[in-house]
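What follows is a set of notes on a single structure, which appears directly below.
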Amino acid sequence: MTEQAGRRRDAAATRQALLDAGAKLFAERGFDRTTVRDIADLAGANQALLFRYFGSKEALFEEVIARSGREHLETHPPERLLSASLRSMLEPGGDRNRTLETYLRSSGSGEVGAVLRQEIGDEYARILATLTDAPDAELRADLALAWLMGIGVVRELTGKQPLAGADPDDIVRLVLTAVRTLLERAE
């Protein structure tokens with residue numbers, strides 16, 4: 001029974017269900033093609049609750065992206081951030097981090113694209129830049145992030161072989177070997 005059918009739900013559980021539903025649908029469809037109704041239906045909640053807890057679809061989207069990014073940044077030390085991000089992106093099935101897919105499917109959506117760049121790119125780049133003492137550390141960090149995103153595009157969205165079918169351990173090993181020329185302390 002859903003909240004719409006009269007069962008009282010815990011506010012935190014409803015909020016979490018809306019976040020989870022939004023994360024799934026934004027990754028599958030992108031921001032523009034995901035409706036508030038679809039999110040609420042998948043969460044088993046009333047649309048009005050999305051607005052109560054988040055204020056707007058845009059605010060929910062920002063929270064979805066920020067939640068994933070924060071969790072990743074909080075659980076990995078800087079020197080392991082790139083390899084952990086790459087591994088989470090390469091995980092098969094439902095266990096993989098879908099933030100990159102969400103980014104790619106939604107980056108053309110005006111303000112949403114700006115939020116994504118800020119939430120994902122700026123914080124990751126700032127942390128990755130600490131892995132080198134080179135004077136162009138910010139550029140090096142951006143190059144490493146661009147490579148990570150490019151791997152995601154080629155592997156997940158275009159399905160180009162041999163990358164799409166390559167073993168994640170082989171990909172991580174090869175990428176980290178090369179990335180260490182930019183970010184010496186990356187593990």
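Identifiers for the structure tokens are assigned positionally: chains receive A, B, ... in sequence, residues are indexed from 1 per chain, and ligands are indexed from 1 in the order shown.
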- Query: Quick one: DSSP helix (DSSP H, G or I) residues in range 33-183 of chain A, as an MDAnalysis selection string?
  - Reply: chainID A and resid 36:43 47:54 57:75 78:90 93:95 99:106 110:131 137:158 163:165 168:179
For Ala11 in chain A, find every residue with an atom within 12 Å (counting only C-alpha atoms), except residues of its own chain fewer than 6 positions away, and show them as a PDB file with N, CA, C and O atoms, in the first residue's frame.
```pdb
ATOM      1  N   GLU A   3       1.582   5.513   0.152  1.00  0.00           N
ATOM      2  CA  GLU A   3       1.149   6.651   0.942  1.00  0.00           C
ATOM      3  C   GLU A   3      -0.122   7.242   0.341  1.00  0.00           C
ATOM      4  O   GLU A   3      -0.991   7.713   1.050  1.00  0.00           O
ATOM      5  N   ALA A  17      13.005   7.188  -0.593  1.00  0.00           N
ATOM      6  CA  ALA A  17      12.393   6.522  -1.756  1.00  0.00           C
ATOM      7  C   ALA A  17      12.335   7.468  -2.944  1.00  0.00           C
ATOM      8  O   ALA A  17      12.583   7.054  -4.092  1.00  0.00           O
ATOM      9  N   LEU A  18      12.032   8.729  -2.710  1.00  0.00           N
ATOM     10  CA  LEU A  18      12.010   9.717  -3.791  1.00  0.00           C
ATOM     11  C   LEU A  18      13.415   9.941  -4.360  1.00  0.00           C
ATOM     12  O   LEU A  18      13.593  10.037  -5.577  1.00  0.00           O
ATOM     13  N   ALA A  45       4.806   7.267  -3.808  1.00  0.00           N
ATOM     14  CA  ALA A  45       4.456   8.458  -3.026  1.00  0.00           C
ATOM     15  C   ALA A  45       3.623   9.412  -3.879  1.00  0.00           C
ATOM     16  O   ALA A  45       3.549   9.292  -5.096  1.00  0.00           O
ATOM     17  N   LEU A  49       4.492  15.253  -2.249  1.00  0.00           N
ATOM     18  CA  LEU A  49       5.571  15.004  -1.286  1.00  0.00           C
ATOM     19  C   LEU A  49       6.939  15.333  -1.878  1.00  0.00           C
ATOM     20  O   LEU A  49       7.834  15.773  -1.154  1.00  0.00           O
ATOM     21  N   LEU A  50       7.097  15.141  -3.166  1.00  0.00           N
ATOM     22  CA  LEU A  50       8.355  15.520  -3.797  1.00  0.00           C
ATOM     23  C   LEU A  50       8.581  17.023  -3.613  1.00  0.00           C
ATOM     24  O   LEU A  50       9.665  17.448  -3.245  1.00  0.00           O
ATOM     25  N   ARG A  52       7.176  18.905  -1.307  1.00  0.00           N
ATOM     26  CA  ARG A  52       7.323  19.197   0.119  1.00  0.00           C
ATOM     27  C   ARG A  52       8.754  18.955   0.582  1.00  0.00           C
ATOM     28  O   ARG A  52       9.341  19.757   1.299  1.00  0.00           O
ATOM     29  N   TYR A  53       9.338  17.823   0.178  1.00  0.00           N
ATOM     30  CA  TYR A  53      10.671  17.468   0.658  1.00  0.00           C
ATOM     31  C   TYR A  53      11.804  18.143  -0.102  1.00  0.00           C
ATOM     32  O   TYR A  53      12.879  18.359   0.449  1.00  0.00           O
TER      33      TYR A  53
END
```
Between CA of Ala137 in chain A and CA of Thr181 in chain A lies a distance of 11.8 Å
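The interatomic distance for the pair CA of Ala164 in chain A and CA of Ile127 in chain A works out to 28.0 Å.
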message = Env of Ala134 in chain A: 12 Å cut, atoms = only C-alpha atoms, seq-sep filter 3 positions within chain, self excluded. Answer as a PyMOL selection string.
response = chain A and resi 129-131+137-141+181-185
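Counting only C-alpha atoms, Leu60 in chain A has the following residues at most 9 Å away, ignoring those fewer than 3 positions along the same chain: Leu18, Leu19, Gly22, Leu50, Phe51, Tyr53, Phe54, Gly55, Ser56, Lys57, Glu63, Val64 and Ile65 of chain A.
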Mind dumping the selected residues with N, CA, C and O atoms as a compact mmCIF listing (two decimals), in the first residue's frame?
```txt
# COMPACT_ATOMS: atom_id res chain seq x y z
N LEU A 18 12.03 8.73 -2.71
CA LEU A 18 12.01 9.72 -3.79
C LEU A 18 13.41 9.94 -4.36
O LEU A 18 13.59 10.04 -5.58
N LEU A 19 14.41 10.01 -3.49
CA LEU A 19 15.80 10.15 -3.95
C LEU A 19 16.21 8.95 -4.80
O LEU A 19 16.80 9.11 -5.87
N GLY A 22 14.33 8.99 -8.11
CA GLY A 22 14.90 10.04 -8.96
C GLY A 22 16.24 9.62 -9.53
O GLY A 22 16.50 9.81 -10.72
N LEU A 50 7.10 15.14 -3.17
CA LEU A 50 8.36 15.52 -3.80
C LEU A 50 8.58 17.02 -3.61
O LEU A 50 9.66 17.45 -3.24
N PHE A 51 7.52 17.79 -3.84
CA PHE A 51 7.64 19.24 -3.67
C PHE A 51 7.81 19.63 -2.21
O PHE A 51 8.54 20.56 -1.90
N TYR A 53 9.34 17.82 0.18
CA TYR A 53 10.67 17.47 0.66
C TYR A 53 11.80 18.14 -0.10
O TYR A 53 12.88 18.36 0.45
N PHE A 54 11.58 18.46 -1.38
CA PHE A 54 12.67 18.99 -2.19
C PHE A 54 12.39 20.36 -2.79
O PHE A 54 13.33 21.06 -3.17
N GLY A 55 11.15 20.74 -2.94
CA GLY A 55 10.81 22.04 -3.49
C GLY A 55 10.59 22.04 -5.00
O GLY A 55 9.75 22.78 -5.49
N SER A 56 11.35 21.21 -5.73
CA SER A 56 11.22 21.17 -7.19
C SER A 56 11.93 19.93 -7.71
O SER A 56 12.74 19.31 -7.00
N LYS A 57 11.67 19.61 -8.96
CA LYS A 57 12.38 18.51 -9.61
C LYS A 57 13.87 18.85 -9.71
O LYS A 57 14.73 17.98 -9.51
N GLU A 63 20.11 17.17 -5.42
CA GLU A 63 20.37 16.33 -4.25
C GLU A 63 20.82 14.94 -4.67
O GLU A 63 21.70 14.35 -4.04
N VAL A 64 20.23 14.39 -5.72
CA VAL A 64 20.65 13.07 -6.22
C VAL A 64 22.13 13.11 -6.60
O VAL A 64 22.91 12.25 -6.21
N ILE A 65 22.52 14.11 -7.35
CA ILE A 65 23.90 14.23 -7.80
C ILE A 65 24.83 14.50 -6.61
O ILE A 65 25.87 13.87 -6.46
```
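Distance annotation: of A:Ala166, A:Ala21, A:Leu143, A:Met149, the residue with the minimal separation from Ala178 in chain A is A:Leu143; atom set is only C-alpha atoms.
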Counting only C-alpha atoms, the residue among A:Glu123, A:Glu91, A:Glu58, A:Asp133 that lies closest to His72 in chain A is A:Glu123
Of A:Ala43, A:Tyr124, A:Asp169, A:Val36, the one nearest to Gly69 in chain A when counting only C-alpha atoms is A:Tyr124
Judged by only C-alpha atoms, the minimum distance to Gly150 in chain A among A:Pro162, A:Phe31, A:Ala186, A:Leu86 is found for A:Leu86
note - CA of Ala48 in chain A and CA of Glu28 in chain A are separated by 22.9 Å
Report task. Would you list the contacts of Leu163 in chain A as JSON, numbers by chain, taking every protein, DNA or RNA residue within 8 Å and counting only C-alpha atoms, but skipping same-chain residues closer than 4 positions in sequence? Result -> {"A": [154, 155, 159]}
Selection file, C-alpha atoms, as a CSV table (one decimal), in the first residue's frame:
```csv
chain,number,residue,atom,x,y,z
A,154,VAL,CA,32.7,4.8,-24.9
A,155,ARG,CA,32.1,1.8,-22.6
A,159,GLY,CA,29.3,0.0,-26.4
```
